[in-house]
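Chemist: Next comes the structure file query-v7.cif, holding mmCIF, C-alpha atoms.
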data_protein
#
loop_
_atom_site.label_atom_id
_atom_site.label_comp_id
_atom_site.auth_asym_id
_atom_site.auth_seq_id
_atom_site.Cartn_x
_atom_site.Cartn_y
_atom_site.Cartn_z
CA MET A 1 54.92 123.94 185.56
CA LYS A 2 51.50 123.50 187.11
CA LYS A 3 48.88 123.59 184.38
CA SER A 4 46.95 126.26 186.25
CA ASN A 5 49.96 128.56 185.78
CA ILE A 6 49.88 128.37 182.00
CA SER A 7 48.81 131.74 180.69
CA ASN A 8 45.50 132.23 178.99
CA ASN A 9 47.41 133.70 176.03
CA THR A 10 49.22 130.39 175.55
CA ILE A 11 45.95 128.46 175.71
CA ARG A 12 44.41 130.84 173.17
CA ARG A 13 47.20 130.15 170.67
CA LEU A 14 46.70 126.37 170.80
CA PRO A 15 43.55 126.27 168.61
CA ARG A 16 45.40 128.29 165.97
CA TYR A 17 48.27 125.77 166.02
CA LEU A 18 45.72 123.01 165.72
CA ARG A 19 43.95 124.55 162.73
CA LYS A 20 47.24 125.16 160.93
CA LEU A 21 48.44 121.60 161.62
CA ASP A 22 45.11 120.33 160.34
CA GLU A 23 45.53 122.35 157.16
CA LEU A 24 49.10 121.09 156.67
CA GLY A 25 48.05 117.48 157.33
CA LYS A 26 45.28 117.74 154.74
CA LYS A 27 47.85 119.02 152.23
CA GLY A 28 49.94 115.92 152.89
CA VAL A 29 52.70 117.75 154.77
CA MET A 30 54.34 115.21 157.11
CA ARG A 31 56.67 117.36 159.18
CA VAL A 32 57.16 121.03 160.00
CA SER A 33 59.75 123.05 161.90
CA SER A 34 58.78 125.54 164.60
CA GLN A 35 60.26 128.18 162.27
CA GLU A 36 57.99 127.22 159.38
CA LEU A 37 54.94 126.88 161.63
CA GLY A 38 55.74 130.29 163.08
CA ASN A 39 56.11 131.87 159.64
CA GLN A 40 52.73 130.58 158.57
CA LEU A 41 51.00 131.73 161.75
CA GLY A 42 52.76 135.04 162.36
CA PHE A 43 54.42 133.87 165.60
CA THR A 44 58.11 133.42 166.37
CA ALA A 45 59.56 129.91 166.46
CA SER A 46 60.54 130.39 170.11
CA GLN A 47 56.98 131.39 171.00
CA ILE A 48 55.71 128.12 169.59
CA ARG A 49 58.43 126.05 171.26
CA GLN A 50 57.77 127.76 174.59
CA ASP A 51 53.99 127.31 174.38
CA LEU A 52 54.33 123.60 173.62
CA SER A 53 57.03 123.06 176.25
CA TYR A 54 54.42 123.52 179.01
CA PHE A 55 52.76 120.31 177.89
CA GLY A 56 55.71 118.01 177.17
CA GLU A 57 58.37 117.20 174.58
CA PHE A 58 57.01 117.22 171.05
CA GLY A 59 59.53 118.11 168.38
CA GLN A 60 62.93 116.69 167.63
CA GLN A 61 66.04 118.80 167.08
CA GLY A 62 66.82 118.87 163.37
CA TYR A 63 63.61 117.11 162.42
CA GLY A 64 60.89 119.42 163.66
CA TYR A 65 57.40 118.23 164.46
CA ASN A 66 55.50 115.31 163.01
CA VAL A 67 52.41 117.16 161.75
CA ASN A 68 49.77 114.50 162.42
CA SER A 69 51.13 113.46 165.76
CA LEU A 70 51.42 117.07 166.99
CA ARG A 71 47.91 117.77 165.71
CA GLU A 72 46.55 114.86 167.74
CA GLN A 73 48.49 115.91 170.83
CA VAL A 74 47.32 119.53 170.69
CA ALA A 75 43.73 118.32 170.22
CA GLU A 76 44.17 116.17 173.31
CA ILE A 77 45.67 119.03 175.34
CA LEU A 78 42.64 121.14 174.45
CA GLY A 79 40.34 118.36 175.58
CA LEU A 80 38.78 118.00 172.14
CA THR A 81 39.24 114.23 172.09
CA CYS A 82 36.93 113.66 175.04
CA GLU A 83 33.26 114.48 174.80
CA ASN A 84 31.19 116.90 176.86
CA ALA A 85 27.42 117.16 176.72
CA ALA A 86 26.08 120.62 175.95
CA ILE A 87 22.78 122.44 175.63
CA LEU A 88 21.98 125.64 173.76
CA VAL A 89 19.72 128.16 175.47
CA GLY A 90 17.90 130.73 173.33
CA CYS A 91 17.03 129.99 169.70
CA GLY A 92 17.00 133.47 168.20
CA ASN A 93 19.13 134.36 165.17
CA ILE A 94 22.50 133.66 166.72
CA GLY A 95 21.29 130.44 168.35
CA LYS A 96 19.88 129.32 165.02
CA ALA A 97 23.08 130.23 163.21
CA LEU A 98 25.05 128.01 165.60
CA LEU A 99 22.57 125.14 165.34
CA CYS A 100 22.62 125.28 161.54
CA ASN A 101 26.30 125.90 160.87
CA PHE A 102 28.63 125.08 163.68
CA THR A 103 30.22 121.63 163.85
CA PHE A 104 30.18 121.07 167.60
CA SER A 105 31.65 117.58 167.31
CA GLU A 106 34.96 119.04 166.05
CA CYS A 107 35.38 120.52 169.52
CA GLY A 108 34.41 117.33 171.32
CA VAL A 109 31.03 118.77 172.21
CA ALA A 110 27.85 116.71 171.92
CA LEU A 111 24.99 119.16 171.55
CA LYS A 112 22.04 117.37 173.15
CA CYS A 113 19.19 119.81 172.71
CA ALA A 114 18.18 123.46 172.70
CA PHE A 115 15.77 125.47 174.85
CA ASP A 116 13.52 128.42 174.23
CA THR A 117 10.59 130.16 175.91
CA ASP A 118 8.73 130.72 172.62
CA LYS A 119 5.85 128.23 172.42
CA SER A 120 5.88 128.28 168.62
CA LYS A 121 9.46 126.96 168.65
CA ILE A 122 9.09 124.35 171.40
CA GLY A 123 8.87 120.82 170.01
CA THR A 124 10.36 121.77 166.64
CA HIS A 125 13.82 120.76 165.43
CA ILE A 126 16.67 122.76 163.90
CA ASN A 127 19.26 120.69 162.07
CA GLY A 128 18.15 117.61 163.98
CA ILE A 129 18.31 119.26 167.42
CA GLU A 130 15.07 119.39 169.40
CA ILE A 131 13.95 122.67 170.96
CA LYS A 132 12.52 122.08 174.41
CA ASN A 133 10.67 124.29 176.87
CA SER A 134 13.05 126.46 178.93
CA GLU A 135 11.15 125.46 182.06
CA GLU A 136 12.69 122.00 181.71
CA ILE A 137 16.34 123.16 181.65
CA LEU A 138 17.22 122.44 185.26
CA GLU A 139 15.76 118.94 185.25
CA TYR A 140 17.38 118.18 181.89
CA ILE A 141 20.85 119.26 183.03
CA VAL A 142 20.74 117.12 186.16
CA GLU A 143 19.34 114.05 184.40
CA ASN A 144 21.70 114.19 181.42
CA GLY A 145 24.98 115.23 183.01
CA VAL A 146 25.32 118.36 180.89
CA ASN A 147 28.69 120.15 181.25
CA ILE A 148 28.47 123.11 178.91
CA ALA A 149 25.73 125.64 178.23
CA ILE A 150 25.69 127.83 175.14
CA LEU A 151 24.01 131.07 176.15
CA CYS A 152 22.19 132.88 173.35
CA VAL A 153 19.33 134.48 175.27
CA PRO A 154 18.41 138.20 175.03
CA GLN A 155 20.64 140.54 177.07
CA GLU A 156 18.04 141.26 179.74
CA ALA A 157 17.82 137.54 180.55
CA ALA A 158 21.55 136.81 180.45
CA ARG A 159 22.46 137.13 184.14
CA SER A 160 19.40 135.36 185.54
CA VAL A 161 19.74 132.44 183.11
CA ALA A 162 23.48 132.20 183.86
CA ASP A 163 22.72 132.11 187.60
CA MET A 164 20.12 129.41 187.04
CA LEU A 165 22.56 127.34 184.96
CA ARG A 166 25.20 127.57 187.68
CA ALA A 167 22.68 126.63 190.34
CA SER A 168 21.96 123.50 188.32
CA GLY A 169 25.65 122.57 188.31
CA ILE A 170 26.89 123.94 184.99
CA SER A 171 30.07 125.96 185.34
CA ALA A 172 31.16 126.21 181.70
CA ILE A 173 29.24 128.77 179.69
CA TRP A 174 29.86 129.77 176.09
CA ASN A 175 28.42 133.25 176.25
CA PHE A 176 27.00 135.04 173.19
CA THR A 177 24.93 137.62 175.08
CA ASN A 178 27.41 140.53 175.14
CA VAL A 179 26.75 140.72 178.89
CA ASP A 180 29.58 140.07 181.37
CA ILE A 181 28.64 137.02 183.40
CA SER A 182 32.21 135.96 184.18
CA GLU A 183 32.29 136.08 187.95
CA PRO A 184 33.18 134.01 189.87
CA HIS A 185 35.04 131.52 187.60
CA GLU A 186 36.56 133.65 184.86
CA ASN A 187 38.03 130.86 182.75
CA MET A 188 34.84 128.85 182.75
CA VAL A 189 33.04 131.54 180.82
CA GLU A 190 34.12 132.03 177.24
CA ASN A 191 32.72 135.14 175.65
CA ILE A 192 31.97 135.78 172.04
CA ASN A 193 31.47 139.51 172.31
CA PHE A 194 30.72 141.13 168.97
CA PHE A 195 30.80 144.68 170.35
CA ASP A 196 34.26 144.26 171.91
CA SER A 197 35.61 142.71 168.75
CA LEU A 198 34.32 145.39 166.38
CA ALA A 199 35.43 148.12 168.82
CA VAL A 200 39.00 146.77 168.67
CA LEU A 201 38.89 146.79 164.87
CA LYS A 202 37.60 150.37 164.95
CA TYR A 203 40.58 151.33 167.12
CA TYR A 204 43.06 150.08 164.54
CA VAL A 205 41.09 151.57 161.62
CA THR A 206 41.07 154.94 163.37
CA GLU A 207 44.73 154.73 164.42
CA THR A 208 45.82 153.90 160.87
CA LYS A 209 44.13 157.02 159.52
CA LYS A 210 45.87 159.36 162.00
CA MET B 1 54.59 156.14 174.27
CA LYS B 2 53.91 155.77 170.58
CA LYS B 3 50.39 154.49 170.04
CA SER B 4 51.68 151.71 167.82
CA ASN B 5 53.56 150.34 170.84
CA ILE B 6 50.45 149.90 172.92
CA SER B 7 49.84 146.21 173.35
CA ASN B 8 46.91 144.49 171.76
CA ASN B 9 45.95 143.21 175.23
CA THR B 10 45.54 146.79 176.45
CA ILE B 11 43.40 147.66 173.44
CA ARG B 12 41.26 144.55 174.05
CA ARG B 13 40.52 145.65 177.61
CA LEU B 14 39.24 149.07 176.55
CA PRO B 15 35.82 147.88 175.29
CA ARG B 16 35.26 146.11 178.60
CA TYR B 17 36.04 149.33 180.48
CA LEU B 18 33.65 151.14 178.17
CA ARG B 19 30.81 148.70 178.75
CA LYS B 20 31.26 148.81 182.51
CA LEU B 21 31.38 152.64 182.52
CA ASP B 22 28.24 152.64 180.40
CA GLU B 23 26.51 150.36 182.89
CA LEU B 24 27.61 152.53 185.83
CA GLY B 25 26.52 155.71 184.04
CA LYS B 26 23.08 154.25 183.37
CA LYS B 27 22.78 153.41 187.07
CA GLY B 28 23.48 157.06 187.88
CA VAL B 29 26.97 156.45 189.29
CA MET B 30 28.95 159.70 188.85
CA ARG B 31 32.45 158.67 189.85
CA VAL B 32 34.44 155.52 190.35
CA SER B 33 37.93 154.68 191.65
CA SER B 34 40.32 152.48 189.70
CA GLN B 35 40.01 150.06 192.65
CA GLU B 36 36.23 149.83 192.35
CA LEU B 37 36.35 149.60 188.55
CA GLY B 38 38.95 146.84 188.87
CA ASN B 39 36.85 144.93 191.40
CA GLN B 40 33.85 144.98 189.13
CA LEU B 41 35.84 143.90 186.08
CA GLY B 42 38.22 141.40 187.65
CA PHE B 43 41.33 143.50 186.91
CA THR B 44 43.73 145.14 189.36
CA ALA B 45 43.52 148.89 189.92
CA SER B 46 47.08 149.30 188.67
CA GLN B 47 46.24 147.44 185.45
CA ILE B 48 43.47 149.93 184.73
CA ARG B 49 45.61 152.95 185.62
CA GLN B 50 48.44 151.65 183.43
CA ASP B 51 46.17 150.92 180.46
CA LEU B 52 44.63 154.39 180.60
CA SER B 53 47.98 156.13 181.15
CA TYR B 54 48.96 155.34 177.55
CA PHE B 55 46.25 157.70 176.37
CA GLY B 56 46.53 160.63 178.77
CA GLU B 57 45.58 161.77 182.26
CA PHE B 58 42.07 160.80 183.21
CA GLY B 59 41.53 160.28 186.95
CA GLN B 60 42.29 162.51 189.88
CA GLN B 61 44.09 161.36 193.01
CA GLY B 62 41.54 160.94 195.80
CA TYR B 63 38.58 161.50 193.48
CA GLY B 64 38.83 158.71 190.97
CA TYR B 65 37.31 158.92 187.51
CA ASN B 66 34.29 160.87 186.39
CA VAL B 67 32.22 158.01 184.92
CA ASN B 68 30.59 159.84 182.03
CA SER B 69 33.66 161.75 181.01
CA LEU B 70 35.88 158.63 181.09
CA ARG B 71 33.24 156.73 179.14
CA GLU B 72 33.27 159.40 176.42
CA GLN B 73 37.06 159.46 176.34
CA VAL B 74 37.42 155.69 176.04
CA ALA B 75 34.82 155.69 173.25
CA GLU B 76 36.88 158.33 171.48
CA ILE B 77 40.15 156.40 171.95
CA LEU B 78 38.48 153.36 170.38
CA GLY B 79 37.35 155.48 167.43
CA LEU B 80 33.68 154.81 168.14
CA THR B 81 32.77 158.47 167.93
CA CYS B 82 33.76 158.79 164.29
CA GLU B 83 31.89 156.91 161.60
CA ASN B 84 33.18 154.32 159.13
CA ALA B 85 31.20 152.95 156.23
CA ALA B 86 30.91 149.15 156.15
CA ILE B 87 29.47 146.41 153.98
CA LEU B 88 28.53 142.86 154.91
CA VAL B 89 29.48 140.09 152.51
CA GLY B 90 27.59 136.78 152.69
CA CYS B 91 23.99 136.65 153.98
CA GLY B 92 23.82 133.13 155.39
CA ASN B 93 22.77 132.45 158.98
CA ILE B 94 25.55 134.36 160.67
CA GLY B 95 25.26 137.30 158.24
CA LYS B 96 21.53 137.40 158.86
CA ALA B 97 22.02 137.20 162.63
CA LEU B 98 24.31 140.26 162.47
CA LEU B 99 21.94 142.18 160.18
CA CYS B 100 18.97 141.46 162.46
CA ASN B 101 20.53 141.86 165.87
CA PHE B 102 23.76 143.79 166.00
CA THR B 103 23.68 147.55 166.62
CA PHE B 104 26.49 148.66 164.34
CA SER B 105 25.97 152.34 165.13
CA GLU B 106 27.12 151.74 168.74
CA CYS B 107 30.56 151.03 167.29
CA GLY B 108 30.54 154.03 164.97
CA VAL B 109 29.94 151.79 161.98
CA ALA B 110 27.44 152.73 159.28
CA LEU B 111 26.39 149.51 157.58
CA LYS B 112 25.60 150.58 154.01
CA CYS B 113 24.50 147.35 152.37
CA ALA B 114 25.05 143.61 152.15
CA PHE B 115 26.12 141.35 149.30
CA ASP B 116 25.34 137.79 148.31
CA THR B 117 25.69 135.56 145.25
CA ASP B 118 22.26 133.94 145.75
CA LYS B 119 19.86 135.42 143.16
CA SER B 120 16.85 134.74 145.40
CA LYS B 121 18.32 137.07 148.04
CA ILE B 122 19.55 139.85 145.74
CA GLY B 123 17.26 142.87 145.82
CA THR B 124 15.63 141.90 149.13
CA HIS B 125 16.17 143.68 152.44
CA ILE B 126 17.03 142.43 155.92
CA ASN B 127 16.28 144.85 158.74
CA GLY B 128 16.30 147.72 156.24
CA ILE B 129 19.64 146.77 154.65
CA GLU B 130 19.58 145.99 150.93
CA ILE B 131 21.23 142.81 149.64
CA LYS B 132 23.06 143.49 146.40
CA ASN B 133 24.74 141.25 143.85
CA SER B 134 28.27 140.25 144.90
CA GLU B 135 29.48 141.11 141.43
CA GLU B 136 28.98 144.78 142.31
CA ILE B 137 31.17 144.77 145.46
CA LEU B 138 34.30 146.26 143.95
CA GLU B 139 32.48 149.12 142.25
CA TYR B 140 30.40 149.80 145.37
CA ILE B 141 33.44 150.01 147.65
CA VAL B 142 35.24 152.48 145.41
CA GLU B 143 32.18 154.67 144.83
CA ASN B 144 31.07 154.77 148.47
CA GLY B 145 34.37 155.02 150.33
CA VAL B 146 33.79 151.85 152.32
CA ASN B 147 36.37 151.22 155.09
CA ILE B 148 35.26 148.00 156.73
CA ALA B 149 34.04 144.69 155.33
CA ILE B 150 32.22 142.13 157.44
CA LEU B 151 33.12 138.75 156.01
CA CYS B 152 30.47 136.06 156.47
CA VAL B 153 31.00 133.99 153.31
CA PRO B 154 31.43 130.18 153.30
CA GLN B 155 34.92 128.96 154.27
CA GLU B 156 35.93 127.93 150.76
CA ALA B 157 35.36 131.50 149.52
CA ALA B 158 37.00 133.29 152.47
CA ARG B 159 40.52 133.84 151.11
CA SER B 160 39.52 134.80 147.57
CA VAL B 161 36.88 137.28 148.79
CA ALA B 162 39.35 138.74 151.31
CA ASP B 163 41.91 139.19 148.53
CA MET B 164 39.31 140.86 146.35
CA LEU B 165 38.29 143.20 149.18
CA ARG B 166 41.91 144.21 149.75
CA ALA B 167 42.45 144.76 146.04
CA SER B 168 39.52 147.17 146.14
CA GLY B 169 41.15 149.16 148.95
CA ILE B 170 39.55 147.71 152.09
CA SER B 171 42.08 146.81 154.74
CA ALA B 172 39.83 146.34 157.76
CA ILE B 173 37.98 143.03 157.79
CA TRP B 174 35.72 141.70 160.52
CA ASN B 175 36.14 138.02 159.83
CA PHE B 176 33.48 135.44 160.74
CA THR B 177 34.68 132.70 158.39
CA ASN B 178 36.88 130.69 160.81
CA VAL B 179 39.60 130.91 158.13
CA ASP B 180 42.86 132.75 158.87
CA ILE B 181 43.08 135.67 156.46
CA SER B 182 45.26 137.85 158.71
CA GLU B 183 48.33 138.35 156.62
CA PRO B 184 49.74 140.86 155.88
CA HIS B 185 48.13 143.40 158.30
CA GLU B 186 47.36 141.40 161.41
CA ASN B 187 45.64 144.16 163.39
CA MET B 188 43.37 145.11 160.52
CA VAL B 189 41.68 141.73 160.60
CA GLU B 190 39.53 141.04 163.63
CA ASN B 191 38.45 137.43 163.91
CA ILE B 192 35.36 136.03 165.50
CA ASN B 193 36.43 132.41 165.53
CA PHE B 194 33.83 130.13 167.12
CA PHE B 195 36.05 127.03 166.94
CA ASP B 196 38.98 128.70 168.74
CA SER B 197 36.68 130.08 171.40
CA LEU B 198 34.92 126.79 172.17
CA ALA B 199 38.24 124.93 172.08
CA VAL B 200 39.59 127.24 174.82
CA LEU B 201 36.50 126.61 176.93
CA LYS B 202 36.95 122.85 176.41
CA TYR B 203 40.52 123.18 177.69
CA TYR B 204 39.36 124.70 180.96
CA VAL B 205 36.45 122.26 181.32
CA THR B 206 38.84 119.34 180.81
CA GLU B 207 41.52 120.79 183.11
CA THR B 208 39.01 121.33 185.91
CA LYS B 209 37.97 117.69 185.81
CA LYS B 210 41.54 116.39 186.12
#
Could I get this structure in the form of structure tokens?

Modeler:
Amino acid sequence: MKKSNISNNTIRRLPRYLRKLDELGKKGVMRVSSQELGNQLGFTASQIRQDLSYFGEFGQQGYGYNVNSLREQVAEILGLTCENAAILVGCGNIGKALLCNFTFSECGVALKCAFDTDKSKIGTHINGIEIKNSEEILEYIVENGVNIAILCVPQEAARSVADMLRASGISAIWNFTNVDISEPHENMVENINFFDSLAVLKYYVTETKK
Amino acid sequence: MKKSNISNNTIRRLPRYLRKLDELGKKGVMRVSSQELGNQLGFTASQIRQDLSYFGEFGQQGYGYNVNSLREQVAEILGLTCENAAILVGCGNIGKALLCNFTFSECGVALKCAFDTDKSKIGTHINGIEIKNSEEILEYIVENGVNIAILCVPQEAARSVADMLRASGISAIWNFTNVDISEPHENMVENINFFDSLAVLKYYVTETKK
């Protein structure tokens, strides 16, 4: 199967497989069946086998999967073993929370620096990352071969900053603005949308009460 | 169709419909066809018609949808028009970012208070929300009929706090810990998992380069 035909749902399950395999590996578990992996993740064994089959042959009949080797292979499929340079744009609360707490290197992302328009922030550092003047973004991207932008600007600036990033050659945007900026390359924008997420939870809370 | 049979994918599209209808309504657009709505959202017209058909009859052949009325109906389907009491547990960076920036009321969520174990935070307020001692969580939930917990504690505390919340009667958890706490009621846990999200983006970035 052409990789471009692999469904987004399959891709979205891979990080969950990876985290579970990581957990099992840390517990000293050496091998796991698709059945056991499925039980622990709430998927069927056939779902797991089918998802992995798009990328090659991994398990062995009667043996199952080697935990560490499958973990490494899933990490490689996800592209976590190669490094991409990233910048963070907008150092408000959510930007700060990411700078302080998120381990970008686990995803194969090298966070180079952050940008803000606030003069009192420019030149300071958060968790070792320098905050630069937003006016320098375009030049910085071109000079440093940046692949990924983490968008944490206020909503009213989201679309114009996204357009500017694309004009500078960045196609991959991790979008925290709650504004749809997906067009034209849907898969190259990954949204963390708090409103959508809480709205879905509210649906199930409300349904359960009926 | 029984509501419990409606796919999670359908439910996950509803907030996007709602946000787009909101945007159109604010622009003064009175009506919209499923074709036009689909174009703007990157879905097919038939996808939208099918999703909405699970919940009733909304559009009119040849007229399309009344924007404001459909917006109100989708909000009602998602349960955003009725209110649920919520608490936030763990006031680190991500907890603070939510307290400072997220408009809970837009989701029909009344955030009552926050909890932390850090004595220097207890008794203070963030954006008008009081931070109480975590030891009081159980009592508070029972006395105030809390439905939803927003879990922002450190990873090592995630499972034990989730268990404690469930023991106190809370089933709906908005989970920011990056730890899987889904079992046993998958739909009543809504995860914001930064690692999974960035890993998916890395997949597409890596694929595109191949």

Chemist: Should the cut-off be 6 Å, what would the residue list for chain B against chain A look like, counting only C-alpha atoms, as a PyMOL selection string?

Modeler: chain B and resi 15+78-79+93-94+97+107+190+196+199+201-203+206

Chemist: Between A:Val153, A:Val32, A:Ile122, A:Ala162, which one has atoms that come closest to Leu138 in chain A, using only C-alpha atoms?

Modeler: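 Residue with the minimum atom-to-atom distance to Leu138 in chain A: A:Ala162.
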
Chemist: Which residues would end up in the selection if the PyMOL selection byres ((chain A and resi 140) around 12) were applied here, given that I need the answer as a PDB file with C-alpha atoms, keeping the file's coordinate frame?

Modeler:
ATOM      1  CA  ALA A  85      27.420 117.160 176.720  1.00  0.00           C
ATOM      2  CA  ALA A  86      26.080 120.620 175.950  1.00  0.00           C
ATOM      3  CA  ILE A  87      22.780 122.440 175.630  1.00  0.00           C
ATOM      4  CA  LEU A  88      21.980 125.640 173.760  1.00  0.00           C
ATOM      5  CA  LYS A 112      22.040 117.370 173.150  1.00  0.00           C
ATOM      6  CA  CYS A 113      19.190 119.810 172.710  1.00  0.00           C
ATOM      7  CA  ALA A 114      18.180 123.460 172.700  1.00  0.00           C
ATOM      8  CA  PHE A 115      15.770 125.470 174.850  1.00  0.00           C
ATOM      9  CA  LYS A 132      12.520 122.080 174.410  1.00  0.00           C
ATOM     10  CA  ASN A 133      10.670 124.290 176.870  1.00  0.00           C
ATOM     11  CA  SER A 134      13.050 126.460 178.930  1.00  0.00           C
ATOM     12  CA  GLU A 135      11.150 125.460 182.060  1.00  0.00           C
ATOM     13  CA  GLU A 136      12.690 122.000 181.710  1.00  0.00           C
ATOM     14  CA  ILE A 137      16.340 123.160 181.650  1.00  0.00           C
ATOM     15  CA  LEU A 138      17.220 122.440 185.260  1.00  0.00           C
ATOM     16  CA  GLU A 139      15.760 118.940 185.250  1.00  0.00           C
ATOM     17  CA  ILE A 141      20.850 119.260 183.030  1.00  0.00           C
ATOM     18  CA  VAL A 142      20.740 117.120 186.160  1.00  0.00           C
ATOM     19  CA  GLU A 143      19.340 114.050 184.400  1.00  0.00           C
ATOM     20  CA  ASN A 144      21.700 114.190 181.420  1.00  0.00           C
ATOM     21  CA  GLY A 145      24.980 115.230 183.010  1.00  0.00           C
ATOM     22  CA  VAL A 146      25.320 118.360 180.890  1.00  0.00           C
ATOM     23  CA  ASN A 147      28.690 120.150 181.250  1.00  0.00           C
ATOM     24  CA  ALA A 149      25.730 125.640 178.230  1.00  0.00           C
ATOM     25  CA  LEU A 165      22.560 127.340 184.960  1.00  0.00           C
ATOM     26  CA  SER A 168      21.960 123.500 188.320  1.00  0.00           C
ATOM     27  CA  GLY A 169      25.650 122.570 188.310  1.00  0.00           C
ATOM     28  CA  ILE A 170      26.890 123.940 184.990  1.00  0.00           C
TER      29      ILE A 170
END

Chemist: Pick from B:Leu24, B:Leu151, B:Val67, B:Ile6: nearest to Phe55 in chain B, with all atoms listed in the file counted?

Modeler: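 Of B:Leu24, B:Leu151, B:Val67, B:Ile6, the one nearest Phe55 in chain B is B:Ile6, counting all atoms listed in the file.
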
Chemist: CA of Val29 in chain B and CA of Asn66 in chain B, how far apart in Å?

Modeler: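 According to the coordinates, CA of Asn66 in chain B and CA of Val29 in chain B are separated by 9.0 Å.
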
Chemist: Which is closer to Lys121 in chain A than all the others in A:Val161, A:Cys91, A:Leu37, A:Val74, using all atoms listed in the file?

Modeler: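 Nearest to Lys121 in chain A: A:Cys91.
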
Chemist: Have a look at B:Tyr17, B:Thr117, B:Ile181, B:Ile48 and name the one nearest to Gln35 in chain B; count all atoms listed in the file.

Modeler: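 Using all atoms listed in the file, Gln35 in chain B sits closest to B:Ile48.
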
Chemist: Any idea what's packed within 10 Å of Gln61 in chain B, counting all atoms listed in the file, ignoring anything in its chain fewer than 3 positions away? Could you give it as a PyMOL selection string?

Modeler: chain B and resi 33+64-65

Chemist: Starting from the PyMOL selection byres ((chain B and resi 47) around 10), expand the selection into actual residues of this file and give them as a list in words.

Modeler: Thr10, Arg13, Ser34, Gln35, Gly38, Phe43, Thr44, Ala45, Ser46, Ile48, Arg49, Gln50, Asp51, Leu52 and Ser53 of chain B

Chemist: Between CA of Asn175 in chain A and CA of Ile131 in chain A, measure the distance and give it in Å to one decimal.

Modeler: 18.7 Å

Chemist: So that all listed atoms of range 38-48 of chain B fit with 4 Å spare on each side, what axis-aligned box centre and edge lengths in Å, to one decimal, would you give as lines of an AutoDock Vina configuration file?

Modeler:
center_x = 40.5
center_y = 145.7
center_z = 188.1
size_x = 21.2
size_y = 16.5
size_z = 14.7

Chemist: Grab the CA of Ile129 in chain B to CA of Glu156 in chain A distance for me, in Å with one decimal place.

Modeler: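 If I compute the distance from CA of Ile129 in chain B to CA of Glu156 in chain A, I get 25.7 Å.
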
Chemist: So which one's closest to Gln73 in chain B, B:Glu130, B:Leu21, B:Gln60, B:Asn5? Using all atoms listed in the file, please.

Modeler: B:Leu21

Chemist: Would you please work out which residue, of B:Gly90, B:Asn39, B:Arg31, B:Gly128, is nearest to Asn68 in chain B when using all atoms listed in the file?

Modeler: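 Using all atoms listed in the file, the shortest distance to Asn68 in chain B belongs to B:Arg31.
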